[in-house]
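Remarks on the structure that follows.
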Amino acid sequence: MRWALVKVSLAVTTMVVLAFAVPLGLVIREMARDRAFSNAEREAAAVAPALSITTDRDQLERVVASAGSDAGMAVHIPAGDGQQALELGRQRAAGQDIAAVRELGRASTTAVPGGSTLLQPVALSTGEIAVVEVYVPESEVTNGVGTAWAVLAAVGVALILGSVAVADRLGVRMVRPAQRLVEGASELGEGKLGARVPEEGPTELRLAAVAFNSMADQVVQLLANERELAADLSHRLRTPLTVLRLNTASLGEGPAADQTRTAVEQLEREVDTIIRTAREAKPQTAAAGPGAGCDAAEVVRERMAFWSALAEDEGRKWRVAGADRPVRIPVARADLAAALDALLGNVFRHTPEGTAFAVDVHNGEDAVIVLVSDAGPGIPDPEAAMARGSGSGSDGSTGLGLDIVRRLAESTGGDVRIGSSVLGGTEVRLWIQPAGRAPASKGHRQARRRRPGRPATAHRPRSH
């Protein structure tokens, strides 16, 4: 496209320059010729009054000399009425040309070696016709024509080069964004999801770049959502798997019990593989839409009823506080249940049997706080535990449980913090921003992370 624009511009500009320069050059040449012969006519006219009065040689020579053209002027006076023929100056024109002008009585020009001559007839007092011959050299006819043509040629070349340069710049401005769009599409097709195109160039190409970048962002988001969904759904399978694994301990010995335990372990490994494969993309949890949400207290009571059976089997003491009255939050019921299952599953999975734990719900003025604490050994590096996909490196740990909780909190403008609990182990504090309240600023959330946490027990706990 770039070279096509250059060629078109070159052809069009060349034709325009030739269409104007050639006629203009011819006009300049004719103007120079007319100027030279106009000067010759003025010189001949300066001698005519003297010829009409006298034919004396001396007087005519002085007139010719005063005209300043004695070297290029000649006067031809015919004989008549006792007067002899008189020739002044150098004759350049042929005799028949002079005779023809005398006979016709009108001026004419004729070519001679080195230029041209103007033959001007003048009537004498005797009635005879004298002829004044003025020599016009070729150099005078073409005086200034070469310079004018050179200027025209230079202007034409400059116009052509300028149009080519402008066309080339325009071509680059059009072709470069198109090339970048092609390169970006190729990179995206090769799997380079970070490929983007600069939004520059003509309006149409800018719109194409905007559409391409939007499409690329949507592709990345769709892929991330797919991997996110696969990871989260797989992680939610960990809860029933944990129940199965714990229940297999009560099956006793025997081939059937061993096969069941082996199958559960294999299923756990398969789920871990799915989660680790799907966790490559950075997920992004969308905020709940208008009207969405659930009763956090109800979900806490429901999930604690589920986990209480396992707690009794393992001899764990547990308690719930603050879940005796409704606490509305802008989080889907299934998402909150998955987050609670992830936190409680971590308690059962990473603490010894008989370790106590507690769940507290506090409905504050600016946030709803859900605390899950235990009396276990604690987490040595809370920051690393919050990193998505880090896990503990042991079997059954994918590192996605706390990340699911974090994304749920951040979707409402809240956050998650890990600290030490009053029970002596780990405390996970989940801050949820209620609907209709201003979200906490980034600095406020960071300050909350740095502030030591204590469980909120605004209501009498229910212990077991």
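In the structure tokens, each chain is lettered A, B, ... as it comes, each chain's residues begin at 1, and ligands are numbered from 1 in order of appearance.
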Test item: residues at most 6 Å from A:Gln433, only C-alpha atoms, excluding those fewer than 2 positions along its chain, as a PDB file with N, CA, C and O atoms, in the first residue's frame:
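Written file, around_3.pdb:
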ATOM      1  N   ALA A 367     -18.295  -2.776  58.136  1.00  0.00           N
ATOM      2  CA  ALA A 367     -17.932  -4.058  57.541  1.00  0.00           C
ATOM      3  C   ALA A 367     -18.543  -5.186  58.348  1.00  0.00           C
ATOM      4  O   ALA A 367     -18.837  -5.049  59.534  1.00  0.00           O
ATOM      5  N   THR A 412     -16.203  -7.355  47.244  1.00  0.00           N
ATOM      6  CA  THR A 412     -17.098  -6.414  47.929  1.00  0.00           C
ATOM      7  C   THR A 412     -16.374  -5.161  48.391  1.00  0.00           C
ATOM      8  O   THR A 412     -17.001  -4.274  48.980  1.00  0.00           O
ATOM      9  N   GLY A 413     -15.066  -5.071  48.162  1.00  0.00           N
ATOM     10  CA  GLY A 413     -14.280  -3.944  48.653  1.00  0.00           C
ATOM     11  C   GLY A 413     -13.596  -4.234  49.972  1.00  0.00           C
ATOM     12  O   GLY A 413     -12.987  -3.348  50.569  1.00  0.00           O
ATOM     13  N   GLY A 414     -13.664  -5.472  50.437  1.00  0.00           N
ATOM     14  CA  GLY A 414     -13.008  -5.849  51.697  1.00  0.00           C
ATOM     15  C   GLY A 414     -11.678  -6.515  51.463  1.00  0.00           C
ATOM     16  O   GLY A 414     -11.075  -6.389  50.402  1.00  0.00           O
TER      17      GLY A 414
END
For this session: Calculate how many Å separate atom CA of A:Val101 from atom CA of A:Asn143, rounding to one decimal.
Result: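 These atoms are spaced 27.7 Å apart.
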Exercise. With only C-alpha atoms as the basis for distance, which of A:Ala321, A:Ala311, A:Glu410, A:Leu10 is at the shortest distance from A:Ala158?
Worked result: A:Leu10
Exercise. If you run DSSP on the backbone, which residues of stretch 25-86 of chain A are strand (DSSP E), as a list in words?
Worked result: Met73, Ala74, Val75, His76, Ile77 and Leu86 of chain A
Exercise. If you count only C-alpha atoms, which residues fall within 12 Å of A:Trp318, apart from same-chain ones fewer than 3 positions away, as a PyMOL selection string?
Worked result: chain A and resi 304-305+307-312+314-315+321+344+347-348+354-360+372-375+423+461-464
Let me see the file: selected residues, C-alpha atoms, as a PDB file, in the first residue's frame.
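Result went into part-v5.pdb, see below:
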ATOM      1  CA  MET A 304     -21.029 -25.408  61.008  1.00  0.00           C
ATOM      2  CA  ALA A 305     -23.847 -27.967  61.256  1.00  0.00           C
ATOM      3  CA  TRP A 307     -18.642 -29.731  59.927  1.00  0.00           C
ATOM      4  CA  SER A 308     -19.807 -30.395  63.492  1.00  0.00           C
ATOM      5  CA  ALA A 309     -20.235 -34.114  62.797  1.00  0.00           C
ATOM      6  CA  LEU A 310     -16.578 -34.420  61.789  1.00  0.00           C
ATOM      7  CA  ALA A 311     -15.564 -32.293  64.749  1.00  0.00           C
ATOM      8  CA  GLU A 312     -17.308 -34.678  67.134  1.00  0.00           C
ATOM      9  CA  GLU A 314     -12.212 -36.129  65.935  1.00  0.00           C
ATOM     10  CA  GLY A 315     -12.908 -34.816  69.421  1.00  0.00           C
ATOM     11  CA  ALA A 321     -20.699 -16.503  67.953  1.00  0.00           C
ATOM     12  CA  LEU A 344     -12.814 -24.973  57.896  1.00  0.00           C
ATOM     13  CA  VAL A 347      -8.510 -26.405  60.008  1.00  0.00           C
ATOM     14  CA  PHE A 348      -9.317 -30.103  59.738  1.00  0.00           C
ATOM     15  CA  GLY A 354      -8.741 -32.717  68.968  1.00  0.00           C
ATOM     16  CA  THR A 355      -7.718 -29.145  68.045  1.00  0.00           C
ATOM     17  CA  ALA A 356     -10.439 -26.639  68.959  1.00  0.00           C
ATOM     18  CA  PHE A 357     -11.723 -24.044  66.518  1.00  0.00           C
ATOM     19  CA  ALA A 358     -14.287 -21.208  66.415  1.00  0.00           C
ATOM     20  CA  VAL A 359     -16.274 -19.126  63.944  1.00  0.00           C
ATOM     21  CA  ASP A 360     -17.330 -15.581  64.894  1.00  0.00           C
ATOM     22  CA  VAL A 372     -12.232 -18.490  61.699  1.00  0.00           C
ATOM     23  CA  SER A 373      -9.712 -19.328  64.411  1.00  0.00           C
ATOM     24  CA  ASP A 374      -8.150 -22.499  65.736  1.00  0.00           C
ATOM     25  CA  ALA A 375      -5.808 -23.707  68.474  1.00  0.00           C
ATOM     26  CA  LEU A 423      -6.942 -19.845  70.957  1.00  0.00           C
ATOM     27  CA  PRO A 461     -20.715 -18.008  72.009  1.00  0.00           C
ATOM     28  CA  ARG A 462     -22.291 -21.415  71.606  1.00  0.00           C
ATOM     29  CA  SER A 463     -19.726 -24.054  72.515  1.00  0.00           C
ATOM     30  CA  HIS A 464     -19.589 -27.783  71.953  1.00  0.00           C
TER      31      HIS A 464
END
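Distance annotation: of A:Glu226, A:Ala153, A:Asp403, A:Ser411, the residue with the minimal separation from A:Ala384 is A:Asp403; atom set is only C-alpha atoms.
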For this session: Please provide as an NGL selection string all residues within 10 Å of A:Pro377, with the sequence filter that same-chain residues fewer than 4 positions apart are discarded (counting only C-alpha atoms).
Result: :A and (350-352 or 355 or 420 or 424-426)
Output of the above residues as a PDB file, in the first residue's frame, restricted to N, CA, C and O atoms:
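Generated file (out28.pdb):
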ATOM      1  N   HIS A 350      -5.008 -29.295  58.426  1.00  0.00           N
ATOM      2  CA  HIS A 350      -3.657 -28.877  58.830  1.00  0.00           C
ATOM      3  C   HIS A 350      -3.486 -28.757  60.345  1.00  0.00           C
ATOM      4  O   HIS A 350      -2.468 -28.228  60.795  1.00  0.00           O
ATOM      5  N   THR A 351      -4.458 -29.228  61.111  1.00  0.00           N
ATOM      6  CA  THR A 351      -4.293 -29.243  62.575  1.00  0.00           C
ATOM      7  C   THR A 351      -4.538 -30.651  63.087  1.00  0.00           C
ATOM      8  O   THR A 351      -5.313 -31.416  62.483  1.00  0.00           O
ATOM      9  N   PRO A 352      -3.904 -31.021  64.171  1.00  0.00           N
ATOM     10  CA  PRO A 352      -4.097 -32.390  64.721  1.00  0.00           C
ATOM     11  C   PRO A 352      -5.529 -32.596  65.200  1.00  0.00           C
ATOM     12  O   PRO A 352      -6.255 -31.647  65.480  1.00  0.00           O
ATOM     13  N   THR A 355      -8.003 -30.580  68.004  1.00  0.00           N
ATOM     14  CA  THR A 355      -7.718 -29.145  68.045  1.00  0.00           C
ATOM     15  C   THR A 355      -9.035 -28.367  67.988  1.00  0.00           C
ATOM     16  O   THR A 355      -9.869 -28.605  67.109  1.00  0.00           O
ATOM     17  N   SER A 420      -2.700 -14.261  64.520  1.00  0.00           N
ATOM     18  CA  SER A 420      -2.731 -15.222  65.629  1.00  0.00           C
ATOM     19  C   SER A 420      -4.043 -15.077  66.382  1.00  0.00           C
ATOM     20  O   SER A 420      -4.511 -13.970  66.645  1.00  0.00           O
ATOM     21  N   GLY A 424      -4.618 -19.522  70.352  1.00  0.00           N
ATOM     22  CA  GLY A 424      -3.211 -19.911  70.275  1.00  0.00           C
ATOM     23  C   GLY A 424      -2.757 -20.342  68.900  1.00  0.00           C
ATOM     24  O   GLY A 424      -1.562 -20.582  68.701  1.00  0.00           O
ATOM     25  N   GLY A 425      -3.668 -20.458  67.925  1.00  0.00           N
ATOM     26  CA  GLY A 425      -3.283 -20.897  66.590  1.00  0.00           C
ATOM     27  C   GLY A 425      -3.466 -19.798  65.557  1.00  0.00           C
ATOM     28  O   GLY A 425      -3.086 -18.646  65.782  1.00  0.00           O
ATOM     29  N   THR A 426      -4.085 -20.164  64.458  1.00  0.00           N
ATOM     30  CA  THR A 426      -4.265 -19.244  63.337  1.00  0.00           C
ATOM     31  C   THR A 426      -5.644 -18.589  63.392  1.00  0.00           C
ATOM     32  O   THR A 426      -6.635 -19.232  63.772  1.00  0.00           O
TER      33      THR A 426
END
For this session: List the neighbours of A:Ala323 out to 8 Å using only C-alpha atoms; skip same-chain residues closer than 2 positions along the sequence, and give me the result as JSON, numbers by chain.
Result: {"A": [296, 297, 298, 300, 301, 320, 321, 325, 326, 327, 360, 361]}
Please, could you write that set of residues out with N, CA and C atoms as an mmCIF file, in the first residue's frame?
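After the write, selection_22.cif holds the following:
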data_model
loop_
_atom_site.group_PDB
_atom_site.id
_atom_site.type_symbol
_atom_site.label_atom_id
_atom_site.label_comp_id
_atom_site.auth_asym_id
_atom_site.auth_seq_id
_atom_site.Cartn_x
_atom_site.Cartn_y
_atom_site.Cartn_z
ATOM 1 N N ALA A 296 -25.295 -14.029 55.929
ATOM 2 C CA ALA A 296 -24.045 -14.651 56.351
ATOM 3 C C ALA A 296 -24.250 -15.520 57.590
ATOM 4 N N ALA A 297 -25.095 -15.078 58.519
ATOM 5 C CA ALA A 297 -25.322 -15.861 59.736
ATOM 6 C C ALA A 297 -25.946 -17.208 59.404
ATOM 7 N N GLU A 298 -26.885 -17.218 58.487
ATOM 8 C CA GLU A 298 -27.539 -18.467 58.109
ATOM 9 C C GLU A 298 -26.560 -19.431 57.462
ATOM 10 N N VAL A 300 -23.312 -19.483 57.894
ATOM 11 C CA VAL A 300 -22.372 -19.954 58.924
ATOM 12 C C VAL A 300 -23.011 -21.076 59.735
ATOM 13 N N ARG A 301 -24.266 -20.897 60.135
ATOM 14 C CA ARG A 301 -24.935 -21.949 60.910
ATOM 15 C C ARG A 301 -25.046 -23.236 60.104
ATOM 16 N N VAL A 320 -19.581 -21.111 67.933
ATOM 17 C CA VAL A 320 -20.051 -20.127 66.958
ATOM 18 C C VAL A 320 -20.573 -18.925 67.727
ATOM 19 N N ALA A 321 -20.227 -17.727 67.309
ATOM 20 C CA ALA A 321 -20.699 -16.503 67.953
ATOM 21 C C ALA A 321 -21.160 -15.518 66.894
ATOM 22 N N ARG A 325 -28.546 -13.779 64.565
ATOM 23 C CA ARG A 325 -29.471 -12.873 63.924
ATOM 24 C C ARG A 325 -28.962 -12.554 62.511
ATOM 25 N N PRO A 326 -29.847 -12.165 61.601
ATOM 26 C CA PRO A 326 -29.457 -12.012 60.193
ATOM 27 C C PRO A 326 -28.350 -10.969 59.997
ATOM 28 N N VAL A 327 -27.456 -11.296 59.088
ATOM 29 C CA VAL A 327 -26.370 -10.391 58.680
ATOM 30 C C VAL A 327 -26.312 -10.438 57.148
ATOM 31 N N ASP A 360 -16.665 -16.749 64.324
ATOM 32 C CA ASP A 360 -17.330 -15.581 64.894
ATOM 33 C C ASP A 360 -17.796 -14.678 63.759
ATOM 34 N N VAL A 361 -18.992 -14.130 63.925
ATOM 35 C CA VAL A 361 -19.558 -13.186 62.960
ATOM 36 C C VAL A 361 -19.833 -11.881 63.687
#
Problem set entry | Residues near A:Val6, cut-off 6 Å, only C-alpha atoms, skip fewer than 6 positions along chain, as a list in words |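 Once the adjacent positions are removed, what remains is Val164, Ala167 and Asp168 of chain A.
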For this session: Go through A:Val220, A:Tyr135, A:Ala337, A:Leu205 and flag the residue nearest A:Lys192, using only C-alpha atoms for the distances.
Result: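 Ranking A:Val220, A:Tyr135, A:Ala337, A:Leu205 by distance to A:Lys192, first place goes to A:Val220.
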For this session: Please provide as number ranges by chain all residues within 12 Å of A:Ala45, with the sequence filter that same-chain residues fewer than 3 positions apart are discarded (counting only C-alpha atoms).
Result: A: 38-42, 48-52, 63-64, 67, 73, 107, 118-122, 131-134
For this session: Extract the full set of helix (DSSP H, G or I) residues from stretch 15-187 of chain A according to DSSP on the backbone, and format it as a PyMOL selection string.
Result: chain A and resi 15-53+57-66+95-104+138-141+145-187
Exercise. For A:Val172, which of A:Gly252, A:Ala111, A:Gly201, A:Ala148 is the closest residue, counting only C-alpha atoms?
Worked result: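 The answer is A:Gly201, which sits nearest to A:Val172.
When atom CA of A:Ala385 is paired with atom CA of A:Asp272, their separation reads 16.9 Å.
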